[in-house]
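Visitor: final-v5.tsv is the file, holding TSV, C-alpha atoms:
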```tsv
chain	number	residue	atom	x	y	z
A	288	THR	CA	-31.82	62.65	37.05
A	289	PHE	CA	-29.70	59.67	36.03
A	290	THR	CA	-29.40	56.41	37.93
A	291	ARG	CA	-27.49	53.16	37.58
A	292	ALA	CA	-26.73	51.35	40.83
A	293	SER	CA	-23.50	49.80	39.56
A	294	SER	CA	-20.43	50.71	37.58
A	295	ALA	CA	-20.42	49.98	33.84
A	296	THR	CA	-18.10	50.28	30.86
A	297	ARG	CA	-18.07	52.31	27.70
A	298	VAL	CA	-15.84	52.60	24.63
A	299	ASN	CA	-14.10	55.96	24.98
A	300	GLN	CA	-12.97	58.41	22.29
A	301	SER	CA	-9.66	56.53	21.89
A	302	GLY	CA	-11.52	53.27	21.23
A	303	LEU	CA	-10.58	51.80	24.61
A	304	ILE	CA	-12.90	50.11	27.11
A	305	GLU	CA	-13.24	52.40	30.14
A	306	LEU	CA	-14.92	51.80	33.50
A	307	VAL	CA	-17.56	54.42	34.44
A	308	ALA	CA	-18.52	54.90	38.09
A	309	THR	CA	-21.89	54.08	39.65
A	310	GLY	CA	-24.53	56.66	38.77
A	311	VAL	CA	-22.56	58.26	35.92
A	312	PRO	CA	-24.10	58.24	32.40
A	313	ARG	CA	-22.06	56.80	29.55
A	314	LEU	CA	-21.24	58.63	26.33
A	315	ASP	CA	-20.16	55.69	24.20
A	316	TYR	CA	-17.98	55.96	21.06
A	317	THR	CA	-18.57	52.45	19.69
A	318	GLY	CA	-18.26	52.65	15.91
A	319	GLY	CA	-16.37	55.96	16.02
A	320	GLY	CA	-17.64	59.45	15.26
A	321	CYS	CA	-19.84	61.37	17.69
A	322	PRO	CA	-20.80	59.54	20.89
A	323	SER	CA	-24.26	58.43	21.95
A	324	LEU	CA	-25.81	58.10	25.38
A	325	LEU	CA	-25.83	54.36	26.08
A	326	LEU	CA	-28.80	53.01	28.06
A	327	GLU	CA	-28.83	49.26	28.72
A	328	PRO	CA	-30.97	46.74	30.58
A	329	GLN	CA	-29.69	44.85	33.58
A	330	GLN	CA	-27.36	42.01	32.60
A	331	THR	CA	-25.40	39.37	34.47
A	332	GLN	CA	-21.91	38.33	33.41
A	333	LEU	CA	-21.72	34.54	33.75
A	334	TYR	CA	-18.00	34.15	33.04
A	335	GLY	CA	-15.49	34.71	35.82
A	336	GLU	CA	-12.00	36.17	35.63
A	337	THR	CA	-12.79	37.76	32.30
A	338	ALA	CA	-9.78	40.01	31.61
A	339	THR	CA	-7.71	37.11	30.30
A	340	MET	CA	-9.97	34.10	30.25
A	341	ALA	CA	-9.04	30.52	31.06
A	342	THR	CA	-11.12	27.39	30.51
A	343	GLN	CA	-14.15	27.27	32.80
A	344	THR	CA	-17.44	25.44	33.34
A	345	LYS	CA	-20.72	27.26	33.97
A	346	THR	CA	-24.22	26.01	34.78
A	347	VAL	CA	-26.69	27.31	32.18
A	348	THR	CA	-30.39	26.95	31.44
A	349	ALA	CA	-32.01	26.02	28.14
A	350	VAL	CA	-32.50	29.62	26.94
A	351	GLU	CA	-30.72	31.78	24.41
A	352	HIS	CA	-27.20	32.88	25.42
A	353	THR	CA	-24.66	35.17	23.77
A	354	VAL	CA	-20.89	34.96	24.16
A	355	GLY	CA	-18.18	37.33	22.97
A	356	PHE	CA	-14.53	38.28	23.40
A	357	TYR	CA	-11.61	40.22	21.95
A	358	GLY	CA	-8.42	38.56	20.69
A	359	THR	CA	-7.10	36.00	18.25
A	360	GLY	CA	-7.85	32.87	20.28
A	361	THR	CA	-10.75	30.41	20.27
A	362	ILE	CA	-13.43	29.31	22.72
A	363	THR	CA	-14.61	25.76	22.07
A	364	PHE	CA	-17.91	24.75	23.67
A	365	THR	CA	-18.77	21.27	24.90
A	366	GLY	CA	-21.28	19.84	27.35
A	367	THR	CA	-24.66	21.51	26.85
A	368	TYR	CA	-23.64	23.04	23.50
A	369	ALA	CA	-21.18	22.02	20.78
A	370	GLY	CA	-19.51	24.72	18.75
A	371	SER	CA	-16.75	27.33	18.74
A	372	LEU	CA	-16.06	31.03	18.45
A	373	VAL	CA	-12.85	32.19	16.78
A	374	GLY	CA	-11.28	35.57	17.41
A	375	THR	CA	-10.27	37.86	14.55
A	376	GLY	CA	-7.98	40.42	16.22
A	377	ILE	CA	-6.92	42.01	19.49
A	378	ASN	CA	-9.19	45.01	18.87
A	379	ASP	CA	-12.09	43.05	17.34
A	380	ARG	CA	-15.03	41.77	19.36
A	381	VAL	CA	-16.56	38.58	18.02
A	382	GLU	CA	-19.83	37.16	19.30
A	383	LEU	CA	-22.09	34.12	18.98
A	384	THR	CA	-25.71	33.58	20.02
A	385	PHE	CA	-26.79	29.99	20.76
A	386	THR	CA	-29.28	27.99	22.82
A	387	PRO	CA	-27.74	25.27	25.02
A	388	THR	CA	-29.51	22.51	26.85
A	389	ALA	CA	-29.70	22.86	30.63
A	390	GLY	CA	-26.62	21.73	32.52
A	391	SER	CA	-22.86	22.37	32.43
A	392	LEU	CA	-21.43	24.43	29.58
A	393	ILE	CA	-17.67	23.92	29.21
A	394	SER	CA	-15.79	26.79	27.54
A	395	THR	CA	-12.30	25.61	26.56
A	396	VAL	CA	-9.91	28.47	25.79
A	397	SER	CA	-6.95	28.39	23.44
A	398	GLY	CA	-4.84	31.38	22.42
A	399	SER	CA	-5.59	35.01	23.33
A	400	VAL	CA	-9.14	35.50	24.71
A	401	THR	CA	-9.60	38.81	26.51
A	402	SER	CA	-12.54	40.82	27.87
A	403	SER	CA	-14.79	37.78	27.53
A	404	GLN	CA	-18.51	37.84	28.25
A	405	LEU	CA	-21.35	35.31	28.53
A	406	VAL	CA	-24.93	36.52	29.12
A	407	THR	CA	-28.45	35.25	28.62
A	408	GLY	CA	-30.43	36.63	25.67
A	409	ASP	CA	-29.41	37.77	22.18
A	410	TYR	CA	-27.78	41.05	23.27
A	411	LEU	CA	-24.14	40.84	24.35
A	412	GLY	CA	-24.06	44.34	25.84
A	413	SER	CA	-21.18	46.47	27.02
A	414	TYR	CA	-18.31	44.56	28.59
A	415	ILE	CA	-18.86	43.60	32.25
A	416	PRO	CA	-15.46	42.99	33.87
A	417	ASN	CA	-15.35	40.27	36.50
A	418	THR	CA	-12.31	39.53	38.66
A	419	THR	CA	-14.06	36.77	40.65
A	420	THR	CA	-14.96	33.18	39.75
A	421	GLY	CA	-18.68	33.87	40.31
A	422	THR	CA	-21.09	36.12	38.43
A	423	ILE	CA	-21.48	39.92	38.45
A	424	THR	CA	-24.42	42.14	37.42
A	425	ARG	CA	-24.56	45.49	35.64
A	426	ILE	CA	-27.71	47.35	36.79
A	427	ALA	CA	-30.00	49.04	34.24
A	428	ASP	CA	-29.63	52.71	33.28
A	429	ALA	CA	-32.52	55.17	33.86
A	430	ALA	CA	-32.92	58.90	33.17
A	431	SER	CA	-35.66	61.54	33.48
A	432	LYS	CA	-36.19	65.24	34.17
A	433	THR	CA	-39.23	66.78	35.89
A	434	GLY	CA	-40.33	70.37	36.49
A	435	LEU	CA	-40.38	71.29	32.80
A	436	SER	CA	-43.90	72.74	32.51
A	437	SER	CA	-42.51	76.09	31.33
A	438	TYR	CA	-40.62	74.36	28.50
A	439	ILE	CA	-43.13	71.76	27.28
A	440	ASN	CA	-46.30	73.02	25.59
A	441	SER	CA	-49.26	70.77	26.38
A	442	THR	CA	-51.31	72.21	23.53
A	443	GLU	CA	-48.89	71.62	20.68
A	444	GLY	CA	-45.31	70.56	20.07
A	445	VAL	CA	-42.87	67.95	18.81
A	446	LEU	CA	-40.99	65.12	20.52
A	447	TYR	CA	-37.91	64.35	18.41
A	448	ALA	CA	-35.12	61.79	18.89
A	449	GLN	CA	-32.22	60.30	16.98
A	450	ILE	CA	-32.00	56.80	18.44
A	451	ALA	CA	-30.87	53.24	17.79
A	452	ALA	CA	-32.21	50.01	19.24
A	453	LEU	CA	-29.88	47.55	20.96
A	454	THR	CA	-31.53	44.60	19.19
A	455	GLU	CA	-33.99	44.16	16.36
A	456	GLY	CA	-36.52	42.54	18.70
A	457	GLY	CA	-36.50	42.47	22.45
A	458	ALA	CA	-38.56	44.08	25.15
A	459	THR	CA	-40.62	47.25	24.80
A	460	ALA	CA	-38.53	50.39	25.37
A	461	THR	CA	-39.84	53.95	25.39
A	462	LEU	CA	-39.01	57.63	25.75
A	463	SER	CA	-41.67	60.22	26.44
A	464	ILE	CA	-42.96	63.60	27.45
A	465	SER	CA	-45.77	63.35	29.98
A	466	ASP	CA	-47.38	64.55	33.20
A	467	GLY	CA	-45.72	61.61	35.00
A	468	SER	CA	-48.70	59.30	34.60
A	469	LEU	CA	-50.04	56.91	31.96
A	470	SER	CA	-52.34	59.68	30.70
A	471	ASN	CA	-51.27	62.89	28.97
A	472	ARG	CA	-48.19	61.64	27.20
A	473	VAL	CA	-46.44	61.38	23.85
A	474	LEU	CA	-44.13	58.40	23.36
A	475	ILE	CA	-41.56	57.03	20.94
A	476	VAL	CA	-41.50	53.25	21.33
A	477	PHE	CA	-39.38	50.28	20.27
A	478	SER	CA	-41.60	47.19	20.65
A	479	SER	CA	-41.60	43.68	19.17
A	480	GLY	CA	-39.21	44.70	16.43
A	481	GLU	CA	-41.22	47.80	15.47
A	482	LEU	CA	-40.80	51.56	15.87
A	483	ARG	CA	-43.94	53.37	17.02
A	484	GLY	CA	-45.29	56.76	18.00
A	485	GLN	CA	-48.05	56.98	20.63
A	486	PHE	CA	-50.37	59.69	21.93
A	487	THR	CA	-52.50	59.17	25.05
A	488	ASN	CA	-54.86	61.82	26.47
A	489	SER	CA	-56.32	62.24	29.95
A	490	SER	CA	-59.32	60.03	29.18
A	491	GLY	CA	-56.99	57.16	28.33
A	492	THR	CA	-57.64	57.25	24.59
A	493	SER	CA	-54.51	56.21	22.68
A	494	ILE	CA	-53.40	56.54	19.08
A	495	ILE	CA	-50.51	54.30	17.99
A	496	ASP	CA	-48.75	54.70	14.63
A	497	THR	CA	-46.26	52.06	13.50
A	498	SER	CA	-43.40	52.58	11.08
A	499	GLY	CA	-42.52	48.92	10.59
A	500	SER	CA	-39.40	46.91	11.35
A	501	VAL	CA	-36.72	48.31	13.63
A	502	ILE	CA	-33.11	48.21	12.51
A	503	LYS	CA	-30.19	48.69	14.88
A	504	ASP	CA	-28.90	51.66	12.89
A	505	PHE	CA	-29.88	55.17	14.02
A	506	ASN	CA	-33.38	56.40	13.20
A	507	LYS	CA	-34.61	60.01	13.29
A	508	VAL	CA	-38.11	60.05	14.75
A	509	ALA	CA	-40.57	62.88	15.41
A	510	CYS	CA	-44.07	62.88	16.92
A	511	VAL	CA	-46.00	66.11	16.33
A	512	TYR	CA	-49.16	66.90	18.28
A	513	THR	CA	-51.69	69.74	18.44
A	514	SER	CA	-55.06	70.13	20.15
A	515	THR	CA	-56.60	68.19	17.24
A	516	THR	CA	-53.94	66.08	15.47
A	517	PHE	CA	-51.11	63.59	15.97
A	518	LYS	CA	-48.60	62.48	13.31
A	519	LEU	CA	-45.45	60.36	13.17
A	520	PHE	CA	-42.39	61.03	10.98
A	521	VAL	CA	-39.47	58.60	10.59
A	522	ASN	CA	-36.30	59.02	8.53
A	523	GLY	CA	-37.72	61.70	6.25
A	524	SER	CA	-41.13	60.13	5.69
A	525	LYS	CA	-44.57	60.91	7.08
A	526	ILE	CA	-45.71	57.57	8.47
A	527	SER	CA	-49.26	58.38	9.49
A	528	GLY	CA	-52.11	60.53	8.32
A	529	THR	CA	-53.73	63.12	10.53
A	530	ALA	CA	-55.39	61.47	13.54
A	531	THR	CA	-58.11	63.31	15.45
A	532	VAL	CA	-57.19	63.84	19.10
A	533	THR	CA	-58.06	66.01	22.07
A	534	SER	CA	-55.66	68.29	23.95
A	535	LEU	CA	-53.10	67.09	26.44
A	536	THR	CA	-52.71	68.78	29.81
A	537	GLY	CA	-49.98	69.15	32.40
A	538	LEU	CA	-46.94	68.01	30.41
A	539	ASN	CA	-43.95	68.65	32.68
A	540	LYS	CA	-41.57	65.70	32.36
A	541	ILE	CA	-39.23	64.16	29.83
A	542	SER	CA	-38.32	60.53	30.51
A	543	LEU	CA	-36.27	57.76	29.01
A	544	ASP	CA	-39.20	55.51	29.91
A	545	ARG	CA	-42.98	55.63	29.36
A	546	GLY	CA	-43.43	58.42	31.93
A	547	ASP	CA	-43.91	56.47	35.16
A	548	GLY	CA	-40.49	54.81	35.46
A	549	VAL	CA	-41.55	51.63	33.64
A	550	LEU	CA	-40.34	50.30	30.25
A	551	SER	CA	-37.06	52.21	30.38
A	552	PHE	CA	-35.45	53.05	27.06
A	553	GLU	CA	-32.82	50.54	26.01
A	554	GLY	CA	-30.68	51.81	23.19
A	555	ARG	CA	-28.45	54.63	22.03
A	556	VAL	CA	-29.47	58.30	21.99
A	557	LYS	CA	-27.65	60.90	19.89
A	558	GLU	CA	-30.30	63.61	20.10
A	559	LEU	CA	-33.43	64.24	22.15
A	560	ARG	CA	-35.41	67.45	21.60
A	561	VAL	CA	-38.76	68.92	22.55
A	562	TYR	CA	-40.25	71.74	20.46
A	563	SER	CA	-42.91	73.95	22.03
A	564	THR	CA	-44.64	74.56	18.69
A	565	ALA	CA	-45.93	72.14	16.08
A	566	LEU	CA	-43.60	72.10	13.07
A	567	THR	CA	-45.00	71.77	9.56
A	568	ASP	CA	-44.91	68.53	7.61
A	569	ALA	CA	-42.14	69.95	5.40
A	570	GLU	CA	-40.08	70.97	8.45
A	571	LEU	CA	-40.53	67.54	10.05
A	572	ILE	CA	-39.49	65.76	6.86
A	573	THR	CA	-36.32	67.89	6.79
A	574	LEU	CA	-35.70	67.34	10.51
A	575	THR	CA	-35.96	63.55	10.28
A	576	THR	CA	-34.09	63.02	7.01
A	577	LEU	CA	-30.99	60.92	7.56
```
Any chance you could give the structure as structure tokens?
Guide:
Amino acid sequence: TFTRASSATRVNQSGLIELVATGVPRLDYTGGGCPSLLLEPQQTQLYGETATMATQTKTVTAVEHTVGFYGTGTITFTGTYAGSLVGTGINDRVELTFTPTAGSLISTVSGSVTSSQLVTGDYLGSYIPNTTTGTITRIADAASKTGLSSYINSTEGVLYAQIAALTEGGATATLSISDGSLSNRVLIVFSSGELRGQFTNSSGTSIIDTSGSVIKDFNKVACVYTSTTFKLFVNGSKISGTATVTSLTGLNKISLDRGDGVLSFEGRVKELRVYSTALTDAELITLTTL
């Protein structure tokens, strides 16, 4: 089940920005090569008439903002922020993150500035086209699949993913196998700039293993669990020792969130697998080697 209550864009196989209809998942080819499933948070485009941008003034708050565009022109900022962003080519997207003061931000355009975008936060996100002078919002992506009890082994198994974060910090984002609750679940988590594996049993006891800093490149991550152990493997290395656990029960759902529809995964997914048996340490090192 995939949901997104708005249209959104992706970079297609030809390297062109393409509009994708409401409720349709996006296989994005940014960077070339094989595509990845793109899952983004909700974002609001503050610029209007973005296809070919003209000078405009927007009211902003004193929080971090990110601006970007394609082309060879320049946006010069005055008012609540002083600075500029210079384009490098018609097919190149340049971006700048800055923190203005509250008030009117004036973006003065010279030369070719196309597919422009201004959003709050440090993540520019996929291009949000806007043909109006107001703002427009891209709704968050969400995906899950229930009814998988015959495929997911509650006693032992592996949750594996090849994933990339959208930013090196940001909000907590998870993917999981679970019984649909906050108990009986195995999670892979991006949180506070770290990559983690988590195991939670029916009594609410959790084990969290942390691999350290998250980078925006793709990581291969595997959580292996049995009726007695839980271990985390990342990019060909065993991160944790053997942790003592008790069995999970009722696993029947795979979610690009923490299992209950909260903390949706925000990032890029190239692979997502569930194994119904616990692989060996040697097999997991091979599986997760980049």
Visitor: Which residues come within 10 Å of Gly366 of chain A, counting all atoms listed in the file, excluding same-chain residues fewer than 3 positions away, as a VMD selection string?
Guide: chain A and resid 344 to 345 369 387 to 394
Visitor: Around (-7.3, 45.0, 18.3), as given in the file, which residues come within 12 Å? Count only C-alpha atoms and list them as a ChimeraX atom specification.
Guide: /A:302-304,356-359,374-381,399-402
Visitor: For each of A:Asn471, A:Thr564, A:Ser490, A:Ser500, take the minimum atom-to-atom distance to Thr513 of chain A, counting all atoms listed in the file, then give the residue where this is smallest.
Guide: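 Closest residue, counting all atoms listed in the file: A:Thr564.
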Visitor: Which residue gives the smallest distance to Thr573 of chain A among A:Asn522, A:Asn488, A:Thr339, A:Thr407, with all atoms listed in the file counted?
Guide: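 Smallest separation from Thr573 of chain A among the options: A:Asn522.
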Visitor: Segment 523-528 of chain A, all listed atoms, 6 Å padding on each side: what axis-aligned box centre and edge lengths in Å to one decimal come out, as JSON?
Guide:
```
{"center_x": -44.9, "center_y": 59.6, "center_z": 7.6, "size_x": 26.4, "size_y": 16.1, "size_z": 15.8}
```
Visitor: Of the residues A:Cys321, A:Ile494, A:Ala509, A:Leu538, which is the one nearest to Lys432 of chain A, using only C-alpha atoms?
Guide: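 Going through A:Cys321, A:Ile494, A:Ala509, A:Leu538 one by one, the smallest distance to Lys432 of chain A is for A:Leu538.
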Visitor: Which value, in Å to one decimal, gives the distance between atom CA of Thr516 of chain A and atom CA of Ser489 of chain A?
Guide: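 Separation of atom CA of Thr516 of chain A and atom CA of Ser489 of chain A: 15.2 Å.
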Visitor: Which is closer to Pro416 of chain A than all the others in A:Gly480, A:Gly335, A:Gly310, A:Gly360, using only C-alpha atoms?
Guide: A:Gly335
Visitor: I'd like the neighbourhood of Leu324 of chain A as a PyMOL selection string, where a residue qualifies if any of its atoms comes within 10 Å (using all atoms listed in the file), though same-chain residues fewer than 4 positions away should be ignored.
Guide: chain A and resi 297+312-316+450+554-558
Visitor: Go ahead and compute the interatomic distance for atom CA of Ile423 of chain A and atom CA of Gln343 of chain A, in Å to one decimal.
Guide: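 Here the two named atoms are 15.7 Å from each other.
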Visitor: Mind checking which residues fall within 12 Å of Ser470 of chain A, counting all atoms listed in the file, ignoring those fewer than 2 positions away in the same chain, and posting them as number ranges by chain?
Guide: A: 463-468, 472-474, 485-493, 534-538, 545-547
Visitor: Fewer than 5 positions away in the same chain doesn't count, so skip those; otherwise give me all residues within 10 Å of Leu550 of chain A, counting all atoms listed in the file, as a PyMOL selection string.
Guide: chain A and resi 429+458-462+476+543-545
Visitor: Step by step: start from the point (-26.1, 55.1, 34.3) in the file's coordinates, keep every protein, DNA or RNA residue that has an atom no farther than 8 Å from it, count all atoms listed in the file, and write the set as a PyMOL selection string.
Guide: chain A and resi 289-295+309-313+326+427-430
Visitor: Would you work out the distance separating atom CA of Val347 of chain A from atom CA of Phe477 of chain A, expressed in Å to one decimal?
Guide: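 Taking atom CA of Val347 of chain A and atom CA of Phe477 of chain A, their separation equals 28.8 Å.
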